[in-house]
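Below is protein.cif, which holds mmCIF, N, CA and C atoms.
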data_protein
#
loop_
_atom_site.label_atom_id
_atom_site.label_comp_id
_atom_site.auth_asym_id
_atom_site.auth_seq_id
_atom_site.Cartn_x
_atom_site.Cartn_y
_atom_site.Cartn_z
N GLN T 214 4.01 5.28 20.27
CA GLN T 214 2.90 5.50 19.36
C GLN T 214 3.33 5.15 17.94
N VAL T 215 2.49 4.43 17.25
CA VAL T 215 2.81 3.99 15.90
C VAL T 215 2.34 5.04 14.90
N GLN T 216 3.21 5.36 13.96
CA GLN T 216 2.85 6.27 12.87
C GLN T 216 3.32 5.68 11.55
N LEU T 217 2.52 5.84 10.53
CA LEU T 217 2.85 5.39 9.20
C LEU T 217 2.90 6.61 8.28
N GLU T 218 3.96 6.73 7.49
CA GLU T 218 4.09 7.88 6.61
C GLU T 218 4.43 7.42 5.21
N GLU T 219 3.55 7.72 4.27
CA GLU T 219 3.74 7.31 2.89
C GLU T 219 4.50 8.37 2.10
N SER T 220 5.18 7.92 1.08
CA SER T 220 5.86 8.82 0.15
C SER T 220 5.96 8.14 -1.21
N GLY T 221 6.26 8.93 -2.23
CA GLY T 221 6.52 8.35 -3.54
C GLY T 221 5.43 8.56 -4.58
N GLY T 222 4.32 9.15 -4.19
CA GLY T 222 3.27 9.38 -5.17
C GLY T 222 3.66 10.42 -6.19
N GLY T 223 2.87 10.56 -7.24
CA GLY T 223 3.16 11.56 -8.25
C GLY T 223 2.28 11.41 -9.47
N LEU T 224 2.63 12.16 -10.49
CA LEU T 224 1.90 12.15 -11.76
C LEU T 224 2.73 11.40 -12.79
N VAL T 225 2.15 10.38 -13.39
CA VAL T 225 2.84 9.60 -14.40
C VAL T 225 1.91 9.34 -15.56
N GLN T 226 2.50 8.89 -16.66
CA GLN T 226 1.72 8.52 -17.83
C GLN T 226 1.43 7.02 -17.80
N PRO T 227 0.41 6.58 -18.51
CA PRO T 227 0.14 5.13 -18.59
C PRO T 227 1.37 4.36 -19.04
N GLY T 228 1.60 3.22 -18.39
CA GLY T 228 2.74 2.39 -18.72
C GLY T 228 3.97 2.67 -17.88
N GLU T 229 3.99 3.79 -17.19
CA GLU T 229 5.15 4.13 -16.36
C GLU T 229 5.06 3.47 -14.99
N SER T 230 6.11 3.69 -14.19
CA SER T 230 6.21 3.04 -12.89
C SER T 230 6.37 4.05 -11.77
N LEU T 231 5.98 3.65 -10.58
CA LEU T 231 6.22 4.41 -9.36
C LEU T 231 6.51 3.43 -8.24
N ARG T 232 7.25 3.89 -7.27
CA ARG T 232 7.51 3.08 -6.07
C ARG T 232 7.07 3.88 -4.86
N LEU T 233 6.09 3.35 -4.16
CA LEU T 233 5.62 3.97 -2.93
C LEU T 233 6.36 3.36 -1.75
N SER T 234 6.61 4.19 -0.76
CA SER T 234 7.28 3.70 0.44
C SER T 234 6.51 4.16 1.67
N CYS T 235 6.47 3.29 2.66
CA CYS T 235 5.80 3.60 3.92
C CYS T 235 6.81 3.43 5.05
N LYS T 236 7.08 4.51 5.74
CA LYS T 236 8.00 4.46 6.88
C LYS T 236 7.18 4.24 8.15
N ILE T 237 7.55 3.21 8.92
CA ILE T 237 6.84 2.87 10.14
C ILE T 237 7.63 3.37 11.34
N SER T 238 7.00 4.20 12.15
CA SER T 238 7.62 4.68 13.38
C SER T 238 6.89 4.04 14.55
N GLY T 239 7.67 3.60 15.54
CA GLY T 239 7.05 2.92 16.67
C GLY T 239 7.09 1.41 16.45
N SER T 240 6.54 0.70 17.41
CA SER T 240 6.60 -0.76 17.37
C SER T 240 5.25 -1.38 17.07
N LEU T 241 5.25 -2.26 16.11
CA LEU T 241 4.05 -3.01 15.78
C LEU T 241 4.18 -4.43 16.33
N SER T 242 3.05 -5.00 16.62
CA SER T 242 3.04 -6.40 17.07
C SER T 242 3.27 -7.33 15.88
N ASN T 243 3.74 -8.52 16.18
CA ASN T 243 3.86 -9.53 15.12
C ASN T 243 2.50 -9.94 14.58
N LEU T 244 1.45 -9.57 15.28
CA LEU T 244 0.11 -9.90 14.81
C LEU T 244 -0.36 -8.96 13.69
N HIS T 245 0.30 -7.82 13.57
CA HIS T 245 -0.12 -6.85 12.55
C HIS T 245 0.28 -7.32 11.16
N GLU T 246 -0.63 -7.12 10.24
CA GLU T 246 -0.37 -7.36 8.83
C GLU T 246 -0.22 -6.00 8.16
N LEU T 247 0.77 -5.89 7.28
CA LEU T 247 1.05 -4.62 6.62
C LEU T 247 0.54 -4.65 5.19
N GLY T 248 0.01 -3.55 4.75
CA GLY T 248 -0.50 -3.54 3.39
C GLY T 248 -0.71 -2.15 2.86
N TRP T 249 -1.17 -2.11 1.64
CA TRP T 249 -1.50 -0.87 0.96
C TRP T 249 -2.96 -0.92 0.52
N TYR T 250 -3.67 0.17 0.77
CA TYR T 250 -5.04 0.36 0.32
C TYR T 250 -5.05 1.54 -0.65
N ARG T 251 -6.08 1.63 -1.44
CA ARG T 251 -6.23 2.81 -2.28
C ARG T 251 -7.69 3.25 -2.32
N GLU T 252 -7.84 4.54 -2.46
CA GLU T 252 -9.16 5.13 -2.55
C GLU T 252 -9.26 5.86 -3.87
N ARG T 253 -9.96 5.24 -4.81
CA ARG T 253 -10.17 5.88 -6.10
C ARG T 253 -11.20 7.00 -5.94
N PRO T 254 -11.19 7.99 -6.82
CA PRO T 254 -12.15 9.09 -6.74
C PRO T 254 -13.59 8.57 -6.71
N GLY T 255 -14.32 8.95 -5.70
CA GLY T 255 -15.72 8.59 -5.59
C GLY T 255 -15.99 7.17 -5.14
N LYS T 256 -14.96 6.45 -4.71
CA LYS T 256 -15.15 5.06 -4.30
C LYS T 256 -14.60 4.83 -2.90
N ILE T 257 -15.00 3.72 -2.29
CA ILE T 257 -14.51 3.40 -0.96
C ILE T 257 -13.11 2.79 -1.06
N PRO T 258 -12.30 2.93 -0.02
CA PRO T 258 -10.96 2.34 -0.04
C PRO T 258 -11.01 0.83 -0.16
N THR T 259 -10.09 0.28 -0.93
CA THR T 259 -9.99 -1.17 -1.07
C THR T 259 -8.53 -1.60 -0.92
N ALA T 260 -8.34 -2.83 -0.52
CA ALA T 260 -6.99 -3.36 -0.35
C ALA T 260 -6.35 -3.61 -1.71
N VAL T 261 -5.11 -3.22 -1.82
CA VAL T 261 -4.35 -3.45 -3.05
C VAL T 261 -3.38 -4.61 -2.86
N ALA T 262 -2.67 -4.60 -1.76
CA ALA T 262 -1.70 -5.66 -1.48
C ALA T 262 -1.50 -5.75 0.03
N ILE T 263 -1.41 -6.96 0.54
CA ILE T 263 -1.24 -7.18 1.98
C ILE T 263 -0.25 -8.30 2.21
N ILE T 264 0.67 -8.08 3.14
CA ILE T 264 1.57 -9.15 3.58
C ILE T 264 0.93 -9.79 4.80
N ARG T 265 0.50 -11.03 4.66
CA ARG T 265 -0.18 -11.72 5.75
C ARG T 265 0.83 -12.16 6.81
N ARG T 266 0.34 -12.52 7.97
CA ARG T 266 1.20 -12.93 9.08
C ARG T 266 2.08 -14.11 8.72
N GLY T 267 1.57 -15.07 8.00
CA GLY T 267 2.35 -16.25 7.66
C GLY T 267 3.30 -16.03 6.49
N GLY T 268 3.28 -14.81 5.93
CA GLY T 268 4.18 -14.49 4.83
C GLY T 268 3.52 -14.53 3.47
N SER T 269 2.31 -15.07 3.39
CA SER T 269 1.64 -15.07 2.10
C SER T 269 1.23 -13.64 1.75
N ILE T 270 1.03 -13.41 0.48
CA ILE T 270 0.71 -12.06 0.02
C ILE T 270 -0.60 -12.07 -0.76
N TYR T 271 -1.43 -11.09 -0.45
CA TYR T 271 -2.67 -10.89 -1.19
C TYR T 271 -2.48 -9.73 -2.15
N TYR T 272 -2.94 -9.89 -3.38
CA TYR T 272 -3.00 -8.81 -4.35
C TYR T 272 -4.41 -8.71 -4.90
N GLU T 273 -4.88 -7.48 -5.04
CA GLU T 273 -6.13 -7.28 -5.76
C GLU T 273 -5.95 -7.78 -7.18
N GLU T 274 -7.00 -8.37 -7.72
CA GLU T 274 -6.89 -9.01 -9.02
C GLU T 274 -6.33 -8.10 -10.11
N SER T 275 -6.74 -6.85 -10.11
CA SER T 275 -6.35 -5.94 -11.20
C SER T 275 -4.88 -5.53 -11.16
N VAL T 276 -4.19 -5.79 -10.04
CA VAL T 276 -2.79 -5.38 -9.96
C VAL T 276 -1.82 -6.55 -10.01
N LYS T 277 -2.36 -7.76 -10.05
CA LYS T 277 -1.49 -8.95 -10.10
C LYS T 277 -0.59 -8.88 -11.34
N GLY T 278 0.69 -9.14 -11.11
CA GLY T 278 1.65 -9.10 -12.20
C GLY T 278 2.21 -7.72 -12.47
N ARG T 279 1.61 -6.69 -11.86
CA ARG T 279 2.09 -5.32 -12.08
C ARG T 279 2.64 -4.69 -10.80
N PHE T 280 2.04 -5.01 -9.66
CA PHE T 280 2.44 -4.43 -8.38
C PHE T 280 3.16 -5.49 -7.55
N THR T 281 4.13 -5.04 -6.76
CA THR T 281 4.84 -5.92 -5.85
C THR T 281 5.00 -5.23 -4.51
N ILE T 282 4.56 -5.90 -3.45
CA ILE T 282 4.71 -5.37 -2.10
C ILE T 282 5.91 -6.04 -1.45
N SER T 283 6.65 -5.25 -0.67
CA SER T 283 7.82 -5.82 0.00
C SER T 283 8.03 -5.10 1.33
N ARG T 284 8.67 -5.81 2.24
CA ARG T 284 8.91 -5.24 3.56
C ARG T 284 10.40 -5.31 3.86
N ASP T 285 10.94 -4.24 4.40
CA ASP T 285 12.34 -4.19 4.82
C ASP T 285 12.34 -4.01 6.34
N ASN T 286 12.60 -5.10 7.05
CA ASN T 286 12.55 -5.04 8.52
C ASN T 286 13.67 -4.17 9.09
N ALA T 287 14.81 -4.15 8.43
CA ALA T 287 15.93 -3.35 8.92
C ALA T 287 15.61 -1.86 8.84
N GLU T 288 14.95 -1.46 7.76
CA GLU T 288 14.60 -0.04 7.58
C GLU T 288 13.22 0.28 8.15
N ASN T 289 12.47 -0.74 8.51
CA ASN T 289 11.11 -0.58 9.00
C ASN T 289 10.22 0.13 7.99
N THR T 290 10.27 -0.39 6.78
CA THR T 290 9.46 0.18 5.71
C THR T 290 8.70 -0.94 4.99
N VAL T 291 7.64 -0.55 4.34
CA VAL T 291 6.93 -1.46 3.44
C VAL T 291 6.68 -0.69 2.15
N ASP T 292 7.13 -1.25 1.05
CA ASP T 292 7.08 -0.57 -0.23
C ASP T 292 6.07 -1.23 -1.18
N LEU T 293 5.65 -0.45 -2.15
CA LEU T 293 4.78 -0.96 -3.20
C LEU T 293 5.36 -0.51 -4.54
N GLN T 294 5.92 -1.45 -5.26
CA GLN T 294 6.43 -1.18 -6.59
C GLN T 294 5.29 -1.34 -7.57
N MET T 295 5.01 -0.29 -8.33
CA MET T 295 3.89 -0.30 -9.25
C MET T 295 4.41 -0.11 -10.67
N ASN T 296 4.24 -1.12 -11.49
CA ASN T 296 4.69 -1.07 -12.88
C ASN T 296 3.49 -1.03 -13.82
N ASN T 297 3.74 -0.58 -15.02
CA ASN T 297 2.71 -0.54 -16.05
C ASN T 297 1.42 0.09 -15.50
N LEU T 298 1.57 1.26 -14.94
CA LEU T 298 0.41 1.94 -14.34
C LEU T 298 -0.62 2.29 -15.40
N GLN T 299 -1.87 2.15 -14.99
CA GLN T 299 -3.00 2.42 -15.87
C GLN T 299 -3.84 3.58 -15.31
N LEU T 300 -4.70 4.13 -16.16
CA LEU T 300 -5.53 5.25 -15.73
C LEU T 300 -6.35 4.89 -14.48
N ASP T 301 -6.80 3.64 -14.42
CA ASP T 301 -7.65 3.21 -13.31
C ASP T 301 -6.88 3.05 -12.00
N ASP T 302 -5.56 3.18 -12.05
CA ASP T 302 -4.75 3.11 -10.82
C ASP T 302 -4.72 4.46 -10.10
N THR T 303 -5.26 5.48 -10.72
CA THR T 303 -5.31 6.79 -10.09
C THR T 303 -6.08 6.71 -8.77
N ALA T 304 -5.44 7.11 -7.68
CA ALA T 304 -6.06 6.99 -6.36
C ALA T 304 -5.14 7.60 -5.32
N VAL T 305 -5.69 7.75 -4.12
CA VAL T 305 -4.85 8.03 -2.97
C VAL T 305 -4.49 6.68 -2.35
N TYR T 306 -3.21 6.45 -2.14
CA TYR T 306 -2.73 5.18 -1.63
C TYR T 306 -2.34 5.34 -0.16
N TYR T 307 -2.82 4.40 0.64
CA TYR T 307 -2.60 4.45 2.08
C TYR T 307 -1.85 3.21 2.55
N CYS T 308 -0.92 3.43 3.43
CA CYS T 308 -0.24 2.34 4.12
C CYS T 308 -1.08 1.97 5.33
N ASN T 309 -1.19 0.68 5.60
CA ASN T 309 -2.10 0.21 6.64
C ASN T 309 -1.47 -0.91 7.45
N ALA T 310 -1.73 -0.91 8.74
CA ALA T 310 -1.31 -2.00 9.62
C ALA T 310 -2.51 -2.41 10.46
N GLU T 311 -2.90 -3.65 10.37
CA GLU T 311 -4.03 -4.12 11.17
C GLU T 311 -3.85 -5.57 11.52
N SER T 312 -4.49 -5.96 12.60
CA SER T 312 -4.41 -7.35 13.04
C SER T 312 -5.70 -8.06 12.66
N PRO T 313 -5.61 -9.31 12.24
CA PRO T 313 -6.81 -10.07 11.88
C PRO T 313 -7.80 -10.11 13.04
N GLY T 314 -9.03 -9.83 12.76
CA GLY T 314 -10.05 -9.84 13.80
C GLY T 314 -10.09 -8.59 14.63
N GLY T 315 -9.17 -7.67 14.37
CA GLY T 315 -9.20 -6.41 15.11
C GLY T 315 -8.80 -6.53 16.56
N ALA T 316 -7.97 -7.51 16.88
CA ALA T 316 -7.59 -7.71 18.27
C ALA T 316 -6.72 -6.57 18.79
N LEU T 317 -6.01 -5.90 17.86
CA LEU T 317 -5.13 -4.81 18.23
C LEU T 317 -5.51 -3.55 17.47
N PRO T 318 -5.06 -2.40 17.93
CA PRO T 318 -5.36 -1.16 17.20
C PRO T 318 -4.83 -1.23 15.77
N SER T 319 -5.56 -0.59 14.85
CA SER T 319 -5.13 -0.49 13.47
C SER T 319 -4.54 0.89 13.22
N TYR T 320 -3.69 0.97 12.23
CA TYR T 320 -3.04 2.23 11.91
C TYR T 320 -3.06 2.45 10.40
N MET T 321 -3.19 3.72 10.01
CA MET T 321 -3.17 4.06 8.60
C MET T 321 -2.51 5.42 8.44
N GLY T 322 -1.71 5.56 7.38
CA GLY T 322 -1.07 6.83 7.12
C GLY T 322 -2.03 7.84 6.51
N LYS T 323 -1.50 9.00 6.17
CA LYS T 323 -2.33 10.06 5.62
C LYS T 323 -2.50 9.95 4.11
N GLY T 324 -1.72 9.07 3.50
CA GLY T 324 -1.90 8.81 2.08
C GLY T 324 -0.96 9.57 1.17
N THR T 325 -0.76 9.01 -0.01
CA THR T 325 0.02 9.67 -1.04
C THR T 325 -0.74 9.51 -2.36
N THR T 326 -0.78 10.55 -3.14
CA THR T 326 -1.62 10.56 -4.33
C THR T 326 -0.86 10.10 -5.57
N VAL T 327 -1.47 9.16 -6.26
CA VAL T 327 -0.94 8.68 -7.53
C VAL T 327 -1.93 9.07 -8.62
N THR T 328 -1.43 9.78 -9.62
CA THR T 328 -2.27 10.20 -10.73
C THR T 328 -1.66 9.67 -12.02
N VAL T 329 -2.45 8.90 -12.74
CA VAL T 329 -2.01 8.36 -14.02
C VAL T 329 -2.83 9.05 -15.10
N SER T 330 -2.15 9.78 -15.95
CA SER T 330 -2.85 10.58 -16.95
C SER T 330 -2.02 10.69 -18.21
N SER T 331 -2.69 10.63 -19.33
CA SER T 331 -2.01 10.80 -20.61
C SER T 331 -2.07 12.25 -21.07
#
Go ahead and express the file in the form of structure tokens.
Amino acid sequence: QVQLEESGGGLVQPGESLRLSCKISGSLSNLHELGWYRERPGKIPTAVAIIRRGGSIYYEESVKGRFTISRDNAENTVDLQMNNLQLDDTAVYYCNAESPGGALPSYMGKGTTVTVSS
């Protein structure tokens, strides 16, 4: 059974950094794409960063140049380095694994909360 567990959230001031980590337990198919979603207060979850099957990376426009997603196959983790955090980055961040077209089951962690406040 696949489980995703996020860690690293917290309270920071604007301009500061955080590194989120997602530990993957169990085996994922090579068809799964790994990424991070966030759910801002009162809004639907949206994709922040995704590592596509071919290795290309998607970033939401507002985080380009500030966030970096990376995967460590040896540790079975996928991290999100977040720099220059802004008030609008406040959200619950979720680690996600899904296959294009939904051919395989999708998985999502329980989330970790990031609060950016001055």
Q: Check which residues satisfy the PyMOL selection byres ((chain T and resi 217) around 8) in the file shown, then give them as a list of chain:residue names.
A: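 Selection result, ordered by chain and number: T:Gln214, T:Val215, T:Gln216, T:Glu218, T:Glu219, T:Ser220, T:Ser234, T:Cys235, T:Lys236, T:Ile237, T:Ser238, T:Gly239, T:Cys308, T:Asn309, T:Ala310, T:Tyr320, T:Met321, T:Gly322, T:Lys323, T:Gly324.
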Written selection (N, CA and C atoms) as a PDB file, in the frame of the given file:
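As written to disk, part_3.pdb reads:
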ATOM      1  N   GLN T 214       4.010   5.280  20.270  1.00  0.00           N
ATOM      2  CA  GLN T 214       2.900   5.500  19.360  1.00  0.00           C
ATOM      3  C   GLN T 214       3.330   5.150  17.940  1.00  0.00           C
ATOM      4  N   VAL T 215       2.490   4.430  17.250  1.00  0.00           N
ATOM      5  CA  VAL T 215       2.810   3.990  15.900  1.00  0.00           C
ATOM      6  C   VAL T 215       2.340   5.040  14.900  1.00  0.00           C
ATOM      7  N   GLN T 216       3.210   5.360  13.960  1.00  0.00           N
ATOM      8  CA  GLN T 216       2.850   6.270  12.870  1.00  0.00           C
ATOM      9  C   GLN T 216       3.320   5.680  11.550  1.00  0.00           C
ATOM     10  N   GLU T 218       3.960   6.730   7.490  1.00  0.00           N
ATOM     11  CA  GLU T 218       4.090   7.880   6.610  1.00  0.00           C
ATOM     12  C   GLU T 218       4.430   7.420   5.210  1.00  0.00           C
ATOM     13  N   GLU T 219       3.550   7.720   4.270  1.00  0.00           N
ATOM     14  CA  GLU T 219       3.740   7.310   2.890  1.00  0.00           C
ATOM     15  C   GLU T 219       4.500   8.370   2.100  1.00  0.00           C
ATOM     16  N   SER T 220       5.180   7.920   1.080  1.00  0.00           N
ATOM     17  CA  SER T 220       5.860   8.820   0.150  1.00  0.00           C
ATOM     18  C   SER T 220       5.960   8.140  -1.210  1.00  0.00           C
ATOM     19  N   SER T 234       6.610   4.190  -0.760  1.00  0.00           N
ATOM     20  CA  SER T 234       7.280   3.700   0.440  1.00  0.00           C
ATOM     21  C   SER T 234       6.510   4.160   1.670  1.00  0.00           C
ATOM     22  N   CYS T 235       6.470   3.290   2.660  1.00  0.00           N
ATOM     23  CA  CYS T 235       5.800   3.600   3.920  1.00  0.00           C
ATOM     24  C   CYS T 235       6.810   3.430   5.050  1.00  0.00           C
ATOM     25  N   LYS T 236       7.080   4.510   5.740  1.00  0.00           N
ATOM     26  CA  LYS T 236       8.000   4.460   6.880  1.00  0.00           C
ATOM     27  C   LYS T 236       7.180   4.240   8.150  1.00  0.00           C
ATOM     28  N   ILE T 237       7.550   3.210   8.920  1.00  0.00           N
ATOM     29  CA  ILE T 237       6.840   2.870  10.140  1.00  0.00           C
ATOM     30  C   ILE T 237       7.630   3.370  11.340  1.00  0.00           C
ATOM     31  N   SER T 238       7.000   4.200  12.150  1.00  0.00           N
ATOM     32  CA  SER T 238       7.620   4.680  13.380  1.00  0.00           C
ATOM     33  C   SER T 238       6.890   4.040  14.550  1.00  0.00           C
ATOM     34  N   GLY T 239       7.670   3.600  15.540  1.00  0.00           N
ATOM     35  CA  GLY T 239       7.050   2.920  16.670  1.00  0.00           C
ATOM     36  C   GLY T 239       7.090   1.410  16.450  1.00  0.00           C
ATOM     37  N   CYS T 308      -0.920   3.430   3.430  1.00  0.00           N
ATOM     38  CA  CYS T 308      -0.240   2.340   4.120  1.00  0.00           C
ATOM     39  C   CYS T 308      -1.080   1.970   5.330  1.00  0.00           C
ATOM     40  N   ASN T 309      -1.190   0.680   5.600  1.00  0.00           N
ATOM     41  CA  ASN T 309      -2.100   0.210   6.640  1.00  0.00           C
ATOM     42  C   ASN T 309      -1.470  -0.910   7.450  1.00  0.00           C
ATOM     43  N   ALA T 310      -1.730  -0.910   8.740  1.00  0.00           N
ATOM     44  CA  ALA T 310      -1.310  -2.000   9.620  1.00  0.00           C
ATOM     45  C   ALA T 310      -2.510  -2.410  10.460  1.00  0.00           C
ATOM     46  N   TYR T 320      -3.690   0.970  12.230  1.00  0.00           N
ATOM     47  CA  TYR T 320      -3.040   2.230  11.910  1.00  0.00           C
ATOM     48  C   TYR T 320      -3.060   2.450  10.400  1.00  0.00           C
ATOM     49  N   MET T 321      -3.190   3.720  10.010  1.00  0.00           N
ATOM     50  CA  MET T 321      -3.170   4.060   8.600  1.00  0.00           C
ATOM     51  C   MET T 321      -2.510   5.420   8.440  1.00  0.00           C
ATOM     52  N   GLY T 322      -1.710   5.560   7.380  1.00  0.00           N
ATOM     53  CA  GLY T 322      -1.070   6.830   7.120  1.00  0.00           C
ATOM     54  C   GLY T 322      -2.030   7.840   6.510  1.00  0.00           C
ATOM     55  N   LYS T 323      -1.500   9.000   6.170  1.00  0.00           N
ATOM     56  CA  LYS T 323      -2.330  10.060   5.620  1.00  0.00           C
ATOM     57  C   LYS T 323      -2.500   9.950   4.110  1.00  0.00           C
ATOM     58  N   GLY T 324      -1.720   9.070   3.500  1.00  0.00           N
ATOM     59  CA  GLY T 324      -1.900   8.810   2.080  1.00  0.00           C
ATOM     60  C   GLY T 324      -0.960   9.570   1.170  1.00  0.00           C
TER      61      GLY T 324
END
Q: Would you mind reading off the distance between CA of Leu247 (chain T) and atom N of Glu311 (chain T), one decimal, in Å?
A: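 Atom N of Glu311 (chain T) lies 5.5 Å from CA of Leu247 (chain T).
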Q.
Calculated over only N, CA and C atoms, which of the candidates T:Val225, T:Val329, T:Ile257, T:Leu231 has the smallest distance to Leu293 (chain T)?
A.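 For Leu293 (chain T), the nearest of the given residues is T:Leu231.
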Q: Check region 227-304 of chain T with DSSP on the backbone and list each residue it calls strand (DSSP E or B), as an MDAnalysis selection string.
A: chainID T and resid 231:238 246:252 259:264 270:272 280:285 290:295 304
Q: Quick one: pull the distance between CA of Asp302 (chain T) and CA of Ser269 (chain T), Å, one decimal.
A: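 Rounded to one decimal, the two atoms are 23.2 Å apart.
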**Q.** Near-Glu252 (chain T) list (6.5 Å; all atoms listed in the file; drop same-chain fewer than 2 positions) as number ranges by chain
**A.** T: 250, 254-259, 303-307
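When DSSP reads the backbone of this structure, the residues of region 231-319 of chain T it assigns to helix (DSSP H, G or I) are Glu274, Ser275, Val276, Leu300, Asp301, Asp302, Pro313, Gly314 and Gly315 of chain T.
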Written file, previous selection with N, CA and C atoms, as a PDB file, in the frame of the given file:
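Contents of result.pdb, freshly written:
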ATOM      1  N   GLU T 274      -7.000  -8.370  -7.720  1.00  0.00           N
ATOM      2  CA  GLU T 274      -6.890  -9.010  -9.020  1.00  0.00           C
ATOM      3  C   GLU T 274      -6.330  -8.100 -10.110  1.00  0.00           C
ATOM      4  N   SER T 275      -6.740  -6.850 -10.110  1.00  0.00           N
ATOM      5  CA  SER T 275      -6.350  -5.940 -11.200  1.00  0.00           C
ATOM      6  C   SER T 275      -4.880  -5.530 -11.160  1.00  0.00           C
ATOM      7  N   VAL T 276      -4.190  -5.790 -10.040  1.00  0.00           N
ATOM      8  CA  VAL T 276      -2.790  -5.380  -9.960  1.00  0.00           C
ATOM      9  C   VAL T 276      -1.820  -6.550 -10.010  1.00  0.00           C
ATOM     10  N   LEU T 300      -4.700   4.130 -16.160  1.00  0.00           N
ATOM     11  CA  LEU T 300      -5.530   5.250 -15.730  1.00  0.00           C
ATOM     12  C   LEU T 300      -6.350   4.890 -14.480  1.00  0.00           C
ATOM     13  N   ASP T 301      -6.800   3.640 -14.420  1.00  0.00           N
ATOM     14  CA  ASP T 301      -7.650   3.210 -13.310  1.00  0.00           C
ATOM     15  C   ASP T 301      -6.880   3.050 -12.000  1.00  0.00           C
ATOM     16  N   ASP T 302      -5.560   3.180 -12.050  1.00  0.00           N
ATOM     17  CA  ASP T 302      -4.750   3.110 -10.820  1.00  0.00           C
ATOM     18  C   ASP T 302      -4.720   4.460 -10.100  1.00  0.00           C
ATOM     19  N   PRO T 313      -5.610  -9.310  12.240  1.00  0.00           N
ATOM     20  CA  PRO T 313      -6.810 -10.070  11.880  1.00  0.00           C
ATOM     21  C   PRO T 313      -7.800 -10.110  13.040  1.00  0.00           C
ATOM     22  N   GLY T 314      -9.030  -9.830  12.760  1.00  0.00           N
ATOM     23  CA  GLY T 314     -10.050  -9.840  13.800  1.00  0.00           C
ATOM     24  C   GLY T 314     -10.090  -8.590  14.630  1.00  0.00           C
ATOM     25  N   GLY T 315      -9.170  -7.670  14.370  1.00  0.00           N
ATOM     26  CA  GLY T 315      -9.200  -6.410  15.110  1.00  0.00           C
ATOM     27  C   GLY T 315      -8.800  -6.530  16.560  1.00  0.00           C
TER      28      GLY T 315
END
Convert the output of the PyMOL selection byres ((chain T and resi 260) around 6.5) on the shown file into explicit residues, formatted as a PDB file with N, CA and C atoms, in the frame of the given file.
ATOM      1  N   TRP T 249      -1.170  -2.110   1.640  1.00  0.00           N
ATOM      2  CA  TRP T 249      -1.500  -0.870   0.960  1.00  0.00           C
ATOM      3  C   TRP T 249      -2.960  -0.920   0.520  1.00  0.00           C
ATOM      4  N   TYR T 250      -3.670   0.170   0.770  1.00  0.00           N
ATOM      5  CA  TYR T 250      -5.040   0.360   0.320  1.00  0.00           C
ATOM      6  C   TYR T 250      -5.050   1.540  -0.650  1.00  0.00           C
ATOM      7  N   ARG T 251      -6.080   1.630  -1.440  1.00  0.00           N
ATOM      8  CA  ARG T 251      -6.230   2.810  -2.280  1.00  0.00           C
ATOM      9  C   ARG T 251      -7.690   3.250  -2.320  1.00  0.00           C
ATOM     10  N   PRO T 258     -12.300   2.930  -0.020  1.00  0.00           N
ATOM     11  CA  PRO T 258     -10.960   2.340  -0.040  1.00  0.00           C
ATOM     12  C   PRO T 258     -11.010   0.830  -0.160  1.00  0.00           C
ATOM     13  N   THR T 259     -10.090   0.280  -0.930  1.00  0.00           N
ATOM     14  CA  THR T 259      -9.990  -1.170  -1.070  1.00  0.00           C
ATOM     15  C   THR T 259      -8.530  -1.600  -0.920  1.00  0.00           C
ATOM     16  N   VAL T 261      -5.110  -3.220  -1.820  1.00  0.00           N
ATOM     17  CA  VAL T 261      -4.350  -3.450  -3.050  1.00  0.00           C
ATOM     18  C   VAL T 261      -3.380  -4.610  -2.860  1.00  0.00           C
ATOM     19  N   ALA T 262      -2.670  -4.600  -1.760  1.00  0.00           N
ATOM     20  CA  ALA T 262      -1.700  -5.660  -1.480  1.00  0.00           C
ATOM     21  C   ALA T 262      -1.500  -5.750   0.030  1.00  0.00           C
ATOM     22  N   ILE T 263      -1.410  -6.960   0.540  1.00  0.00           N
ATOM     23  CA  ILE T 263      -1.240  -7.180   1.980  1.00  0.00           C
ATOM     24  C   ILE T 263      -0.250  -8.300   2.210  1.00  0.00           C
ATOM     25  N   TYR T 272      -2.940  -9.890  -3.380  1.00  0.00           N
ATOM     26  CA  TYR T 272      -3.000  -8.810  -4.350  1.00  0.00           C
ATOM     27  C   TYR T 272      -4.410  -8.710  -4.900  1.00  0.00           C
ATOM     28  N   GLU T 273      -4.880  -7.480  -5.040  1.00  0.00           N
ATOM     29  CA  GLU T 273      -6.130  -7.280  -5.760  1.00  0.00           C
ATOM     30  C   GLU T 273      -5.950  -7.780  -7.180  1.00  0.00           C
TER      31      GLU T 273
END
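Across the chains present, the PyMOL selection byres ((chain T and resi 292) around 8) applied to this file returns Arg232, Leu233, Ser234, Cys235, Lys236, Gly248, Trp249, Thr281, Ile282, Ser283, Arg284, Asp285, Asn289, Thr290, Val291, Leu293, Gln294 and Met295 of chain T.
Going from CA of Val327 (chain T) over to CA of Ala287 (chain T), you cover 26.5 Å.
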Q) Do you know which residues are at most 7 Å from Ser330 (chain T) counting only N, CA and C atoms, after dropping those on the same chain fewer than 4 positions away, and could you put them as a list in words? A)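 Skipping anything fewer than 4 positions along the chain leaves Leu224, Val225, Gln226, Pro227, Gln299 and Leu300 of chain T.
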Where's the centre, and what are the edge lengths in Å to one decimal, of a box along x, y and z enclosing all listed atoms of region 217-236 of chain T padded 3 Å per side, as JSON?
{"center_x": 4.1, "center_y": 7.3, "center_z": -4.3, "size_x": 13.9, "size_y": 15.8, "size_z": 35.6}
Q: Could you check which of T:Asn296, T:Thr325, T:Arg279, T:Asp301 is closest to Glu229 (chain T), using only N, CA and C atoms?
A: T:Asn296
Q. Between T:Gly228, T:Arg265, T:Ser331, T:Thr326, which one has atoms that come closest to Glu246 (chain T), using only N, CA and C atoms?
A.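 Closest to Glu246 (chain T), using only N, CA and C atoms: T:Arg265.
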Q) Nearest to Arg253 (chain T) among T:Asn286, T:Thr328, T:Ser230, T:Ser312, with distances taken over only C-alpha atoms: which residue is it? A) T:Thr328
